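Engineer: The file below is model_33.cif, mmCIF, N, CA and C atoms:
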```cif
data_start
#
loop_
_atom_site.label_atom_id
_atom_site.label_comp_id
_atom_site.auth_asym_id
_atom_site.auth_seq_id
_atom_site.Cartn_x
_atom_site.Cartn_y
_atom_site.Cartn_z
N MET A 1 79.76 97.83 94.73
CA MET A 1 81.02 97.10 94.76
C MET A 1 82.16 98.00 95.22
N GLU A 2 82.15 99.26 94.81
CA GLU A 2 83.26 100.14 95.13
C GLU A 2 83.45 100.29 96.64
N THR A 3 82.39 100.54 97.37
CA THR A 3 82.48 100.70 98.82
C THR A 3 82.97 99.42 99.47
N THR A 4 82.43 98.30 99.03
CA THR A 4 82.80 97.00 99.58
C THR A 4 84.29 96.72 99.39
N VAL A 5 84.80 96.97 98.21
CA VAL A 5 86.21 96.69 97.92
C VAL A 5 87.12 97.68 98.65
N ARG A 6 86.73 98.93 98.74
CA ARG A 6 87.54 99.90 99.49
C ARG A 6 87.63 99.50 100.97
N LYS A 7 86.51 99.08 101.56
CA LYS A 7 86.53 98.63 102.95
C LYS A 7 87.38 97.38 103.10
N PHE A 8 87.35 96.50 102.10
CA PHE A 8 88.19 95.31 102.09
C PHE A 8 89.66 95.70 102.24
N PHE A 9 90.11 96.69 101.45
CA PHE A 9 91.52 97.08 101.51
C PHE A 9 91.85 97.82 102.80
N GLU A 10 90.89 98.47 103.43
CA GLU A 10 91.12 99.03 104.76
C GLU A 10 91.38 97.90 105.76
N ARG A 11 90.58 96.82 105.68
CA ARG A 11 90.80 95.67 106.57
C ARG A 11 92.13 95.00 106.25
N TYR A 12 92.44 94.87 104.97
CA TYR A 12 93.68 94.23 104.54
C TYR A 12 94.89 95.01 105.07
N GLU A 13 94.83 96.35 104.99
CA GLU A 13 95.91 97.18 105.52
C GLU A 13 96.06 96.96 107.03
N ARG A 14 94.93 96.99 107.76
CA ARG A 14 95.00 96.77 109.22
C ARG A 14 95.60 95.42 109.54
N PHE A 15 95.20 94.39 108.80
CA PHE A 15 95.74 93.06 109.03
C PHE A 15 97.24 93.04 108.78
N PHE A 16 97.67 93.61 107.67
CA PHE A 16 99.10 93.61 107.32
C PHE A 16 99.90 94.28 108.43
N ARG A 17 99.40 95.39 108.94
CA ARG A 17 100.11 96.11 109.99
C ARG A 17 100.16 95.27 111.27
N GLN A 18 99.10 94.54 111.59
CA GLN A 18 99.12 93.64 112.74
C GLN A 18 100.15 92.54 112.54
N ALA A 19 100.21 92.02 111.33
CA ALA A 19 101.16 90.94 111.03
C ALA A 19 102.60 91.41 111.20
N LEU A 20 102.86 92.67 110.92
CA LEU A 20 104.21 93.21 111.12
C LEU A 20 104.57 93.25 112.60
N GLY A 21 103.56 93.29 113.46
CA GLY A 21 103.78 93.24 114.90
C GLY A 21 103.72 91.83 115.43
N ASP A 22 103.69 90.85 114.54
CA ASP A 22 103.65 89.43 114.89
C ASP A 22 102.37 89.08 115.65
N GLU A 23 101.27 89.73 115.28
CA GLU A 23 99.99 89.49 115.94
C GLU A 23 98.95 88.96 114.96
N ALA A 24 99.37 88.28 113.92
CA ALA A 24 98.46 87.90 112.85
C ALA A 24 97.97 86.46 112.97
N ASP A 25 96.71 86.30 112.70
CA ASP A 25 96.07 84.99 112.62
C ASP A 25 96.08 84.58 111.15
N MET A 26 96.77 83.52 110.83
CA MET A 26 96.91 83.12 109.43
C MET A 26 95.59 82.63 108.83
N ASP A 27 94.64 82.21 109.66
CA ASP A 27 93.31 81.90 109.12
C ASP A 27 92.66 83.18 108.61
N GLU A 28 92.85 84.27 109.36
CA GLU A 28 92.33 85.56 108.89
C GLU A 28 93.05 85.98 107.62
N ALA A 29 94.36 85.77 107.57
CA ALA A 29 95.12 86.12 106.36
C ALA A 29 94.55 85.40 105.15
N ALA A 30 94.28 84.13 105.31
CA ALA A 30 93.76 83.34 104.19
C ALA A 30 92.37 83.80 103.78
N SER A 31 91.62 84.39 104.70
CA SER A 31 90.25 84.81 104.39
C SER A 31 90.19 85.93 103.36
N PHE A 32 91.31 86.58 103.09
CA PHE A 32 91.33 87.64 102.08
C PHE A 32 91.40 87.08 100.65
N TYR A 33 91.67 85.79 100.52
CA TYR A 33 91.93 85.20 99.21
C TYR A 33 90.88 84.19 98.81
N ALA A 34 90.65 84.09 97.52
CA ALA A 34 89.74 83.08 96.96
C ALA A 34 90.38 81.70 97.12
N GLY A 35 89.61 80.67 96.84
CA GLY A 35 90.09 79.30 96.98
C GLY A 35 91.30 78.99 96.12
N GLU A 36 91.39 79.65 94.98
CA GLU A 36 92.53 79.52 94.08
C GLU A 36 92.86 80.91 93.56
N PHE A 37 94.12 81.12 93.20
CA PHE A 37 94.53 82.45 92.77
C PHE A 37 95.74 82.36 91.86
N ILE A 38 96.03 83.49 91.20
CA ILE A 38 97.22 83.61 90.36
C ILE A 38 98.00 84.83 90.81
N ALA A 39 99.29 84.81 90.59
CA ALA A 39 100.15 85.95 90.91
C ALA A 39 101.14 86.13 89.77
N ALA A 40 101.37 87.38 89.39
CA ALA A 40 102.31 87.68 88.31
C ALA A 40 103.24 88.80 88.75
N SER A 41 104.51 88.63 88.41
CA SER A 41 105.54 89.65 88.66
C SER A 41 106.66 89.37 87.65
N PRO A 42 107.71 90.18 87.65
CA PRO A 42 108.83 89.88 86.76
C PRO A 42 109.45 88.50 87.00
N ALA A 43 109.19 87.91 88.18
CA ALA A 43 109.71 86.57 88.47
C ALA A 43 108.93 85.49 87.74
N GLY A 44 107.75 85.83 87.21
CA GLY A 44 106.94 84.85 86.49
C GLY A 44 105.50 84.88 86.96
N VAL A 45 104.78 83.85 86.55
CA VAL A 45 103.37 83.70 86.92
C VAL A 45 103.24 82.41 87.71
N ALA A 46 102.49 82.48 88.80
CA ALA A 46 102.28 81.30 89.63
C ALA A 46 100.80 81.19 89.97
N ALA A 47 100.37 79.97 90.16
CA ALA A 47 99.01 79.70 90.61
C ALA A 47 99.10 79.00 91.95
N GLY A 48 98.12 79.25 92.79
CA GLY A 48 98.15 78.63 94.11
C GLY A 48 96.76 78.34 94.62
N LYS A 49 96.73 77.63 95.73
CA LYS A 49 95.48 77.29 96.41
C LYS A 49 95.49 77.91 97.80
N ASN A 50 94.32 78.25 98.25
CA ASN A 50 94.16 78.79 99.59
C ASN A 50 94.07 77.60 100.55
N ASP A 51 95.22 77.17 101.03
CA ASP A 51 95.30 76.00 101.90
C ASP A 51 96.35 76.23 102.99
N ASP A 52 96.69 75.19 103.71
CA ASP A 52 97.67 75.34 104.80
C ASP A 52 99.03 75.80 104.29
N ARG A 53 99.39 75.41 103.08
CA ARG A 53 100.67 75.84 102.50
C ARG A 53 100.67 77.36 102.33
N LEU A 54 99.56 77.93 101.87
CA LEU A 54 99.46 79.38 101.72
C LEU A 54 99.67 80.06 103.08
N LYS A 55 99.03 79.55 104.10
CA LYS A 55 99.17 80.14 105.44
C LYS A 55 100.63 80.08 105.91
N GLN A 56 101.29 78.98 105.64
CA GLN A 56 102.69 78.82 106.02
C GLN A 56 103.57 79.82 105.27
N VAL A 57 103.36 79.94 103.97
CA VAL A 57 104.15 80.87 103.15
C VAL A 57 103.91 82.31 103.59
N MET A 58 102.66 82.63 103.90
CA MET A 58 102.35 83.98 104.33
C MET A 58 103.00 84.29 105.69
N ALA A 59 102.95 83.36 106.62
CA ALA A 59 103.60 83.56 107.93
C ALA A 59 105.10 83.77 107.74
N GLN A 60 105.72 82.99 106.86
CA GLN A 60 107.14 83.16 106.58
C GLN A 60 107.42 84.51 105.93
N GLY A 61 106.53 84.94 105.06
CA GLY A 61 106.69 86.24 104.40
C GLY A 61 106.65 87.39 105.38
N TYR A 62 105.67 87.36 106.30
CA TYR A 62 105.59 88.42 107.31
C TYR A 62 106.83 88.40 108.20
N ALA A 63 107.32 87.22 108.56
CA ALA A 63 108.53 87.12 109.38
C ALA A 63 109.73 87.70 108.63
N ARG A 64 109.81 87.43 107.34
CA ARG A 64 110.91 87.96 106.52
C ARG A 64 110.84 89.48 106.47
N TYR A 65 109.63 90.03 106.28
CA TYR A 65 109.48 91.49 106.26
C TYR A 65 109.93 92.10 107.60
N ARG A 66 109.53 91.48 108.71
CA ARG A 66 109.95 91.99 110.02
C ARG A 66 111.46 91.97 110.14
N MET A 67 112.09 90.88 109.68
CA MET A 67 113.54 90.74 109.75
C MET A 67 114.24 91.82 108.91
N MET A 68 113.64 92.20 107.80
CA MET A 68 114.23 93.23 106.93
C MET A 68 113.99 94.64 107.47
N GLY A 69 113.19 94.77 108.53
CA GLY A 69 112.96 96.07 109.12
C GLY A 69 111.69 96.77 108.68
N LEU A 70 110.77 96.05 108.03
CA LEU A 70 109.50 96.67 107.63
C LEU A 70 108.68 96.95 108.88
N LYS A 71 108.39 98.23 109.11
CA LYS A 71 107.69 98.65 110.32
C LYS A 71 106.26 99.09 110.06
N ASP A 72 105.97 99.51 108.83
CA ASP A 72 104.62 99.98 108.55
C ASP A 72 104.29 99.79 107.08
N MET A 73 103.01 99.55 106.83
CA MET A 73 102.51 99.40 105.47
C MET A 73 101.19 100.16 105.40
N ARG A 74 101.13 101.13 104.52
CA ARG A 74 99.95 101.99 104.39
C ARG A 74 99.43 102.02 102.96
N VAL A 75 98.12 102.02 102.84
CA VAL A 75 97.50 102.24 101.54
C VAL A 75 97.42 103.74 101.32
N ARG A 76 98.02 104.22 100.23
CA ARG A 76 97.90 105.64 99.87
C ARG A 76 96.58 105.91 99.18
N HIS A 77 96.22 105.06 98.26
CA HIS A 77 94.91 105.19 97.61
C HIS A 77 94.57 103.92 96.85
N VAL A 78 93.28 103.77 96.56
CA VAL A 78 92.75 102.63 95.81
C VAL A 78 91.93 103.18 94.66
N ASP A 79 92.24 102.74 93.46
CA ASP A 79 91.43 103.03 92.29
C ASP A 79 90.85 101.72 91.80
N LEU A 80 89.61 101.75 91.38
CA LEU A 80 88.95 100.52 90.92
C LEU A 80 88.65 100.59 89.44
N SER A 81 88.84 99.45 88.78
CA SER A 81 88.43 99.28 87.38
C SER A 81 87.43 98.13 87.35
N PRO A 82 86.13 98.44 87.31
CA PRO A 82 85.13 97.36 87.26
C PRO A 82 85.24 96.57 85.96
N MET A 83 85.00 95.27 86.06
CA MET A 83 84.96 94.41 84.88
C MET A 83 83.53 93.98 84.58
N ASP A 84 82.79 93.66 85.61
CA ASP A 84 81.37 93.34 85.52
C ASP A 84 80.79 93.53 86.92
N GLU A 85 79.57 93.04 87.17
CA GLU A 85 78.95 93.29 88.47
C GLU A 85 79.59 92.51 89.62
N LEU A 86 80.45 91.52 89.32
CA LEU A 86 81.08 90.71 90.37
C LEU A 86 82.60 90.82 90.44
N HIS A 87 83.21 91.47 89.45
CA HIS A 87 84.67 91.49 89.36
C HIS A 87 85.20 92.88 89.08
N CYS A 88 86.37 93.16 89.65
CA CYS A 88 87.06 94.42 89.38
C CYS A 88 88.54 94.22 89.61
N VAL A 89 89.30 95.23 89.21
CA VAL A 89 90.72 95.29 89.55
C VAL A 89 90.88 96.44 90.53
N GLY A 90 91.49 96.15 91.67
CA GLY A 90 91.81 97.18 92.64
C GLY A 90 93.26 97.58 92.45
N HIS A 91 93.47 98.80 91.99
CA HIS A 91 94.82 99.33 91.80
C HIS A 91 95.19 100.00 93.12
N VAL A 92 96.07 99.36 93.88
CA VAL A 92 96.37 99.83 95.23
C VAL A 92 97.78 100.40 95.27
N ALA A 93 97.85 101.66 95.71
CA ALA A 93 99.14 102.33 95.90
C ALA A 93 99.51 102.19 97.38
N TRP A 94 100.63 101.55 97.64
CA TRP A 94 101.10 101.28 99.00
C TRP A 94 102.34 102.13 99.30
N THR A 95 102.58 102.36 100.59
CA THR A 95 103.86 102.89 101.07
C THR A 95 104.34 101.95 102.17
N ALA A 96 105.52 101.40 101.97
CA ALA A 96 106.17 100.53 102.96
C ALA A 96 107.27 101.34 103.63
N THR A 97 107.29 101.31 104.97
CA THR A 97 108.32 102.04 105.70
C THR A 97 109.23 101.05 106.41
N TYR A 98 110.51 101.11 106.05
CA TYR A 98 111.53 100.25 106.64
C TYR A 98 112.38 101.06 107.60
N VAL A 99 112.68 100.48 108.74
CA VAL A 99 113.58 101.10 109.71
C VAL A 99 114.66 100.07 110.03
N ARG A 100 115.87 100.42 109.66
CA ARG A 100 117.00 99.53 109.89
C ARG A 100 117.86 100.11 111.01
N GLN A 101 118.53 99.25 111.74
CA GLN A 101 119.37 99.67 112.86
C GLN A 101 120.39 100.70 112.40
N ASN A 102 120.48 101.81 113.14
CA ASN A 102 121.44 102.88 112.89
C ASN A 102 121.26 103.54 111.52
N GLN A 103 120.05 103.48 110.95
CA GLN A 103 119.79 104.12 109.66
C GLN A 103 118.47 104.88 109.74
N SER A 104 118.31 105.83 108.87
CA SER A 104 117.05 106.58 108.79
C SER A 104 115.97 105.69 108.19
N ALA A 105 114.72 106.03 108.51
CA ALA A 105 113.59 105.31 107.93
C ALA A 105 113.57 105.53 106.42
N VAL A 106 113.16 104.49 105.71
CA VAL A 106 113.06 104.55 104.26
C VAL A 106 111.62 104.22 103.88
N ALA A 107 110.96 105.15 103.20
CA ALA A 107 109.60 104.93 102.71
C ALA A 107 109.67 104.58 101.23
N ILE A 108 109.04 103.47 100.87
CA ILE A 108 109.06 103.01 99.48
C ILE A 108 107.62 102.93 98.99
N ASP A 109 107.33 103.64 97.91
CA ASP A 109 106.02 103.59 97.28
C ASP A 109 106.02 102.55 96.17
N PHE A 110 104.93 101.79 96.10
CA PHE A 110 104.78 100.79 95.05
C PHE A 110 103.30 100.52 94.83
N ASP A 111 102.98 99.89 93.72
CA ASP A 111 101.60 99.57 93.37
C ASP A 111 101.44 98.07 93.17
N VAL A 112 100.28 97.58 93.55
CA VAL A 112 99.88 96.20 93.27
C VAL A 112 98.47 96.26 92.69
N HIS A 113 98.22 95.46 91.69
CA HIS A 113 96.92 95.41 91.02
C HIS A 113 96.27 94.08 91.39
N TYR A 114 95.17 94.17 92.14
CA TYR A 114 94.50 92.98 92.67
C TYR A 114 93.25 92.68 91.87
N PHE A 115 93.12 91.43 91.43
CA PHE A 115 91.91 90.97 90.78
C PHE A 115 90.95 90.52 91.87
N MET A 116 89.78 91.15 91.90
CA MET A 116 88.82 90.93 92.97
C MET A 116 87.55 90.28 92.45
N GLN A 117 86.97 89.41 93.27
CA GLN A 117 85.67 88.82 93.01
C GLN A 117 84.81 89.09 94.24
N VAL A 118 83.60 89.57 94.01
CA VAL A 118 82.68 89.86 95.11
C VAL A 118 81.48 88.94 94.96
N LEU A 119 81.42 87.92 95.82
CA LEU A 119 80.30 86.97 95.81
C LEU A 119 79.58 87.06 97.15
N GLY A 120 78.27 87.18 97.11
CA GLY A 120 77.51 87.29 98.35
C GLY A 120 77.93 88.47 99.20
N GLY A 121 78.39 89.53 98.55
CA GLY A 121 78.82 90.71 99.27
C GLY A 121 80.21 90.62 99.88
N GLU A 122 80.89 89.47 99.70
CA GLU A 122 82.22 89.25 100.28
C GLU A 122 83.30 89.31 99.20
N PRO A 123 84.17 90.32 99.25
CA PRO A 123 85.26 90.38 98.27
C PRO A 123 86.40 89.45 98.63
N ARG A 124 87.03 88.91 97.61
CA ARG A 124 88.20 88.06 97.76
C ARG A 124 89.18 88.37 96.63
N ILE A 125 90.46 88.26 96.94
CA ILE A 125 91.51 88.40 95.93
C ILE A 125 91.66 87.07 95.21
N PHE A 126 91.55 87.10 93.88
CA PHE A 126 91.81 85.87 93.13
C PHE A 126 93.04 85.99 92.24
N GLY A 127 93.71 87.12 92.34
CA GLY A 127 94.96 87.28 91.61
C GLY A 127 95.56 88.65 91.85
N TRP A 128 96.82 88.79 91.51
CA TRP A 128 97.47 90.08 91.61
C TRP A 128 98.65 90.16 90.67
N VAL A 129 98.99 91.39 90.32
CA VAL A 129 100.15 91.70 89.49
C VAL A 129 100.97 92.71 90.26
N ALA A 130 102.24 92.38 90.47
CA ALA A 130 103.13 93.23 91.26
C ALA A 130 104.42 93.49 90.49
N GLY A 131 105.08 94.56 90.85
CA GLY A 131 106.36 94.91 90.24
C GLY A 131 107.49 94.07 90.79
N ASP A 132 108.69 94.51 90.51
CA ASP A 132 109.91 93.77 90.88
C ASP A 132 110.33 94.16 92.31
N GLU A 133 109.74 93.50 93.30
CA GLU A 133 110.01 93.82 94.71
C GLU A 133 111.49 93.68 95.06
N PRO A 134 112.16 92.57 94.69
CA PRO A 134 113.58 92.46 95.05
C PRO A 134 114.43 93.61 94.51
N ALA A 135 114.16 94.03 93.28
CA ALA A 135 114.94 95.14 92.70
C ALA A 135 114.64 96.45 93.43
N LEU A 136 113.39 96.67 93.80
CA LEU A 136 113.01 97.88 94.52
C LEU A 136 113.69 97.92 95.90
N LEU A 137 113.69 96.78 96.59
CA LEU A 137 114.33 96.71 97.91
C LEU A 137 115.84 96.93 97.80
N GLU A 138 116.44 96.37 96.77
CA GLU A 138 117.88 96.56 96.55
C GLU A 138 118.19 98.02 96.22
N GLN A 139 117.36 98.62 95.38
CA GLN A 139 117.55 100.03 94.99
C GLN A 139 117.54 100.95 96.20
N HIS A 140 116.74 100.62 97.21
CA HIS A 140 116.63 101.45 98.41
C HIS A 140 117.54 100.98 99.55
N GLY A 141 118.41 100.00 99.28
CA GLY A 141 119.38 99.55 100.27
C GLY A 141 118.80 98.70 101.39
N ILE A 142 117.65 98.11 101.17
CA ILE A 142 117.03 97.27 102.19
C ILE A 142 117.66 95.88 102.20
N VAL A 143 117.94 95.36 101.03
CA VAL A 143 118.61 94.04 100.91
C VAL A 143 119.91 94.19 100.16
#
```
Output the file's structure as C-alpha cells, nothing else.

Structural biologist:
Amino acid sequence: METTVRKFFERYERFFRQALGDEADMDEAASFYAGEFIAASPAGVAAGKNDDRLKQVMAQGYARYRMMGLKDMRVRHVDLSPMDELHCVGHVAWTATYVRQNQSAVAIDFDVHYFMQVLGGEPRIFGWVAGDEPALLEQHGIV
C-alpha cells in the first residue's frame, strides 16, 4: 500500500501543477476521489459526491488559485499511517509558491491529511483534514 499511495501523490502533484497552467482535465481531477468524501477544516465539515458539481468546483478552485498568483505546488514529503490493509491516512506536507505582480515569490508550507482507500490496487481520497487556508493566505499577504 505504501508504494501505491506514494505514487498516487506523485500523480496528484503533477496534476495539480498542470491545473495551475490551465491544462487540467476535470475528469482526471475527479479520478483522484472516491464516489463520496468528507472534508474538514476550521470552516467546518462537509460531505460531497464525486459528480459534475465536484468537477465544476474544482475547476473554479484552480482558476481562483491562478488568479491569486499560485505558480507551483510541491509535495515535500508523505508520511503514511496505515489503518488496515485497505485504508490509510496520507500526511502530506506541501509547499505552495505564489508570485504576485511586483512582489517577491512567497513559499507557504502547509499539511493536509488525506484519508485513502485502496481497492483493486487503485487508491482514492475519501476524505481530508486541512488547516485554515484563508488565515494562512492572509498571514502571508496573498489575500

Engineer: What parts of chain A does DSSP call strand (DSSP E or B)? I'd like the answer as an NGL selection string.

Structural biologist: :A and (33-41 or 44-49 or 70-82 or 87-98 or 106-119 or 122-130)

Engineer: CA of Tyr114 in chain A and CA of Arg100 in chain A are how many Å apart?

Structural biologist: 29.1 Å

Engineer: Which is closest to Asp72 in chain A among A:Leu54, A:Ala39, A:Val112, A:Leu20, if we use all atoms listed in the file?

Structural biologist: A:Leu20

Engineer: Please check which residues have atoms at most 12 Å from (111.6, 89.6, 91.8) in the file's coordinates, counting only C-alpha atoms, and write them as a VMD selection string.

Structural biologist: chain A and resid 40 to 45 129 to 138

Engineer: What parts of chain A does DSSP call alpha helix (DSSP H)? I'd like the answer as a ChimeraX atom specification.

Structural biologist: /A:2-20,26-30,52-68,133-139

Engineer: Take the residues that were just selected and, keeping N, CA and C atoms, output them as a short mmCIF file (atom, residue, chain, number, x, y, z; two decimals), in the frame of the given file.

Structural biologist:
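Writing the result to result_21.cif gives the following:
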```cif
data_model
loop_
_atom_site.label_atom_id
_atom_site.label_comp_id
_atom_site.auth_asym_id
_atom_site.auth_seq_id
_atom_site.Cartn_x
_atom_site.Cartn_y
_atom_site.Cartn_z
N GLU A 2 82.15 99.26 94.81
CA GLU A 2 83.26 100.14 95.13
C GLU A 2 83.45 100.29 96.64
N THR A 3 82.39 100.54 97.37
CA THR A 3 82.48 100.70 98.82
C THR A 3 82.97 99.42 99.47
N THR A 4 82.43 98.30 99.03
CA THR A 4 82.80 97.00 99.58
C THR A 4 84.29 96.72 99.39
N VAL A 5 84.80 96.97 98.21
CA VAL A 5 86.21 96.69 97.92
C VAL A 5 87.12 97.68 98.65
N ARG A 6 86.73 98.93 98.74
CA ARG A 6 87.54 99.90 99.49
C ARG A 6 87.63 99.50 100.97
N LYS A 7 86.51 99.08 101.56
CA LYS A 7 86.53 98.63 102.95
C LYS A 7 87.38 97.38 103.10
N PHE A 8 87.35 96.50 102.10
CA PHE A 8 88.19 95.31 102.09
C PHE A 8 89.66 95.70 102.24
N PHE A 9 90.11 96.69 101.45
CA PHE A 9 91.52 97.08 101.51
C PHE A 9 91.85 97.82 102.80
N GLU A 10 90.89 98.47 103.43
CA GLU A 10 91.12 99.03 104.76
C GLU A 10 91.38 97.90 105.76
N ARG A 11 90.58 96.82 105.68
CA ARG A 11 90.80 95.67 106.57
C ARG A 11 92.13 95.00 106.25
N TYR A 12 92.44 94.87 104.97
CA TYR A 12 93.68 94.23 104.54
C TYR A 12 94.89 95.01 105.07
N GLU A 13 94.83 96.35 104.99
CA GLU A 13 95.91 97.18 105.52
C GLU A 13 96.06 96.96 107.03
N ARG A 14 94.93 96.99 107.76
CA ARG A 14 95.00 96.77 109.22
C ARG A 14 95.60 95.42 109.54
N PHE A 15 95.20 94.39 108.80
CA PHE A 15 95.74 93.06 109.03
C PHE A 15 97.24 93.04 108.78
N PHE A 16 97.67 93.61 107.67
CA PHE A 16 99.10 93.61 107.32
C PHE A 16 99.90 94.28 108.43
N ARG A 17 99.40 95.39 108.94
CA ARG A 17 100.11 96.11 109.99
C ARG A 17 100.16 95.27 111.27
N GLN A 18 99.10 94.54 111.59
CA GLN A 18 99.12 93.64 112.74
C GLN A 18 100.15 92.54 112.54
N ALA A 19 100.21 92.02 111.33
CA ALA A 19 101.16 90.94 111.03
C ALA A 19 102.60 91.41 111.20
N LEU A 20 102.86 92.67 110.92
CA LEU A 20 104.21 93.21 111.12
C LEU A 20 104.57 93.25 112.60
N MET A 26 96.77 83.52 110.83
CA MET A 26 96.91 83.12 109.43
C MET A 26 95.59 82.63 108.83
N ASP A 27 94.64 82.21 109.66
CA ASP A 27 93.31 81.90 109.12
C ASP A 27 92.66 83.18 108.61
N GLU A 28 92.85 84.27 109.36
CA GLU A 28 92.33 85.56 108.89
C GLU A 28 93.05 85.98 107.62
N ALA A 29 94.36 85.77 107.57
CA ALA A 29 95.12 86.12 106.36
C ALA A 29 94.55 85.40 105.15
N ALA A 30 94.28 84.13 105.31
CA ALA A 30 93.76 83.34 104.19
C ALA A 30 92.37 83.80 103.78
N ASP A 52 96.69 75.19 103.71
CA ASP A 52 97.67 75.34 104.80
C ASP A 52 99.03 75.80 104.29
N ARG A 53 99.39 75.41 103.08
CA ARG A 53 100.67 75.84 102.50
C ARG A 53 100.67 77.36 102.33
N LEU A 54 99.56 77.93 101.87
CA LEU A 54 99.46 79.38 101.72
C LEU A 54 99.67 80.06 103.08
N LYS A 55 99.03 79.55 104.10
CA LYS A 55 99.17 80.14 105.44
C LYS A 55 100.63 80.08 105.91
N GLN A 56 101.29 78.98 105.64
CA GLN A 56 102.69 78.82 106.02
C GLN A 56 103.57 79.82 105.27
N VAL A 57 103.36 79.94 103.97
CA VAL A 57 104.15 80.87 103.15
C VAL A 57 103.91 82.31 103.59
N MET A 58 102.66 82.63 103.90
CA MET A 58 102.35 83.98 104.33
C MET A 58 103.00 84.29 105.69
N ALA A 59 102.95 83.36 106.62
CA ALA A 59 103.60 83.56 107.93
C ALA A 59 105.10 83.77 107.74
N GLN A 60 105.72 82.99 106.86
CA GLN A 60 107.14 83.16 106.58
C GLN A 60 107.42 84.51 105.93
N GLY A 61 106.53 84.94 105.06
CA GLY A 61 106.69 86.24 104.40
C GLY A 61 106.65 87.39 105.38
N TYR A 62 105.67 87.36 106.30
CA TYR A 62 105.59 88.42 107.31
C TYR A 62 106.83 88.40 108.20
N ALA A 63 107.32 87.22 108.56
CA ALA A 63 108.53 87.12 109.38
C ALA A 63 109.73 87.70 108.63
N ARG A 64 109.81 87.43 107.34
CA ARG A 64 110.91 87.96 106.52
C ARG A 64 110.84 89.48 106.47
N TYR A 65 109.63 90.03 106.28
CA TYR A 65 109.48 91.49 106.26
C TYR A 65 109.93 92.10 107.60
N ARG A 66 109.53 91.48 108.71
CA ARG A 66 109.95 91.99 110.02
C ARG A 66 111.46 91.97 110.14
N MET A 67 112.09 90.88 109.68
CA MET A 67 113.54 90.74 109.75
C MET A 67 114.24 91.82 108.91
N MET A 68 113.64 92.20 107.80
CA MET A 68 114.23 93.23 106.93
C MET A 68 113.99 94.64 107.47
N GLU A 133 109.74 93.50 93.30
CA GLU A 133 110.01 93.82 94.71
C GLU A 133 111.49 93.68 95.06
N PRO A 134 112.16 92.57 94.69
CA PRO A 134 113.58 92.46 95.05
C PRO A 134 114.43 93.61 94.51
N ALA A 135 114.16 94.03 93.28
CA ALA A 135 114.94 95.14 92.70
C ALA A 135 114.64 96.45 93.43
N LEU A 136 113.39 96.67 93.80
CA LEU A 136 113.01 97.88 94.52
C LEU A 136 113.69 97.92 95.90
N LEU A 137 113.69 96.78 96.59
CA LEU A 137 114.33 96.71 97.91
C LEU A 137 115.84 96.93 97.80
N GLU A 138 116.44 96.37 96.77
CA GLU A 138 117.88 96.56 96.55
C GLU A 138 118.19 98.02 96.22
N GLN A 139 117.36 98.62 95.38
CA GLN A 139 117.55 100.03 94.99
C GLN A 139 117.54 100.95 96.20
#
```

Engineer: Suppose a student applies the PyMOL selection byres (((chain A and resi 92 and name CA) around 6) and name CA) to this structure; what residues should they get, written as a PDB file with N, CA and C atoms, in the coordinates of the input?

Structural biologist:
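result_31.pdb, written as the output of this step:
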```
ATOM      1  N   VAL A  78      93.280 103.770  96.560  1.00  0.00           N
ATOM      2  CA  VAL A  78      92.750 102.630  95.810  1.00  0.00           C
ATOM      3  C   VAL A  78      91.930 103.180  94.660  1.00  0.00           C
ATOM      4  N   GLY A  90      91.490  96.150  91.670  1.00  0.00           N
ATOM      5  CA  GLY A  90      91.810  97.180  92.640  1.00  0.00           C
ATOM      6  C   GLY A  90      93.260  97.580  92.450  1.00  0.00           C
ATOM      7  N   HIS A  91      93.470  98.800  91.990  1.00  0.00           N
ATOM      8  CA  HIS A  91      94.820  99.330  91.800  1.00  0.00           C
ATOM      9  C   HIS A  91      95.190 100.000  93.120  1.00  0.00           C
ATOM     10  N   ALA A  93      97.850 101.660  95.710  1.00  0.00           N
ATOM     11  CA  ALA A  93      99.140 102.330  95.900  1.00  0.00           C
ATOM     12  C   ALA A  93      99.510 102.190  97.380  1.00  0.00           C
ATOM     13  N   ASP A 111     102.980  99.890  93.720  1.00  0.00           N
ATOM     14  CA  ASP A 111     101.600  99.570  93.370  1.00  0.00           C
ATOM     15  C   ASP A 111     101.440  98.070  93.170  1.00  0.00           C
ATOM     16  N   VAL A 112     100.280  97.580  93.550  1.00  0.00           N
ATOM     17  CA  VAL A 112      99.880  96.200  93.270  1.00  0.00           C
ATOM     18  C   VAL A 112      98.470  96.260  92.690  1.00  0.00           C
TER      19      VAL A 112
END
```

Engineer: If you apply the PyMOL selection byres ((chain A and resi 89) around 6) to this file, what residues do you get, as a list of chain:residue names?

Structural biologist: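 When the PyMOL selection byres ((chain A and resi 89) around 6) is applied to the shown file, the picked residues are A:Asp79, A:Leu80, A:Ser81, A:Pro82, A:Met83, A:His87, A:Cys88, A:Gly90, A:His91, A:His113, A:Tyr114, A:Phe115, A:Met116.
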
Engineer: What lies within 8 Å of Ala34 in chain A using only C-alpha atoms, ignoring chain neighbours under 2 positions off, as a VMD selection string?

Structural biologist: chain A and resid 31 to 32 36 to 37 50 124 to 126

Engineer: For range 43-49 of chain A, what centre and edge lengths in Å (one decimal) does the axis-aligned box get once 4 Å is added on each side of all its listed atoms, as AutoDock Vina command-line options?

Structural biologist:
```
--center_x 102.6 --center_y 82.6 --center_z 92.1 --size_x 22.2 --size_y 18.6 --size_z 19.3
```

Engineer: Within 10 Å of Gln18 in chain A, counting only C-alpha atoms, which residues show up once you throw out same-chain ones fewer than 5 positions away? Write them as a list in words, please.

Structural biologist: Tyr12, Glu13, Glu23, Ala24, Asp25, Tyr62, Asp72 and Met73 of chain A

Engineer: For CA of Ala29 in chain A and atom C of Val106 in chain A, quote the distance in Å rounded to one decimal.

Structural biologist: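 Result for CA of Ala29 in chain A versus atom C of Val106 in chain A: 24.6 Å, one decimal.
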
Engineer: Counting all atoms listed in the file, which residues come within 8 Å of (95.4, 79.2, 102.2), with the point read in the file's coordinates, and could you list them as a list in words?

Structural biologist: Met26, Asp27, Ala29, Ala30, Ser31, Tyr33, Ala34, Gly35, Gly48, Lys49, Asn50, Asp51, Asp52, Arg53, Leu54, Lys55 and Gln56 of chain A

Engineer: Residue by residue, what does the PyMOL selection byres (((chain A and resi 64-71 and name CA) around 10) and name CA) grab here? Present the result as a ChimeraX atom specification.

Structural biologist: /A:17,19-22,58-63,72-73,96-101,105-107,137,142-143
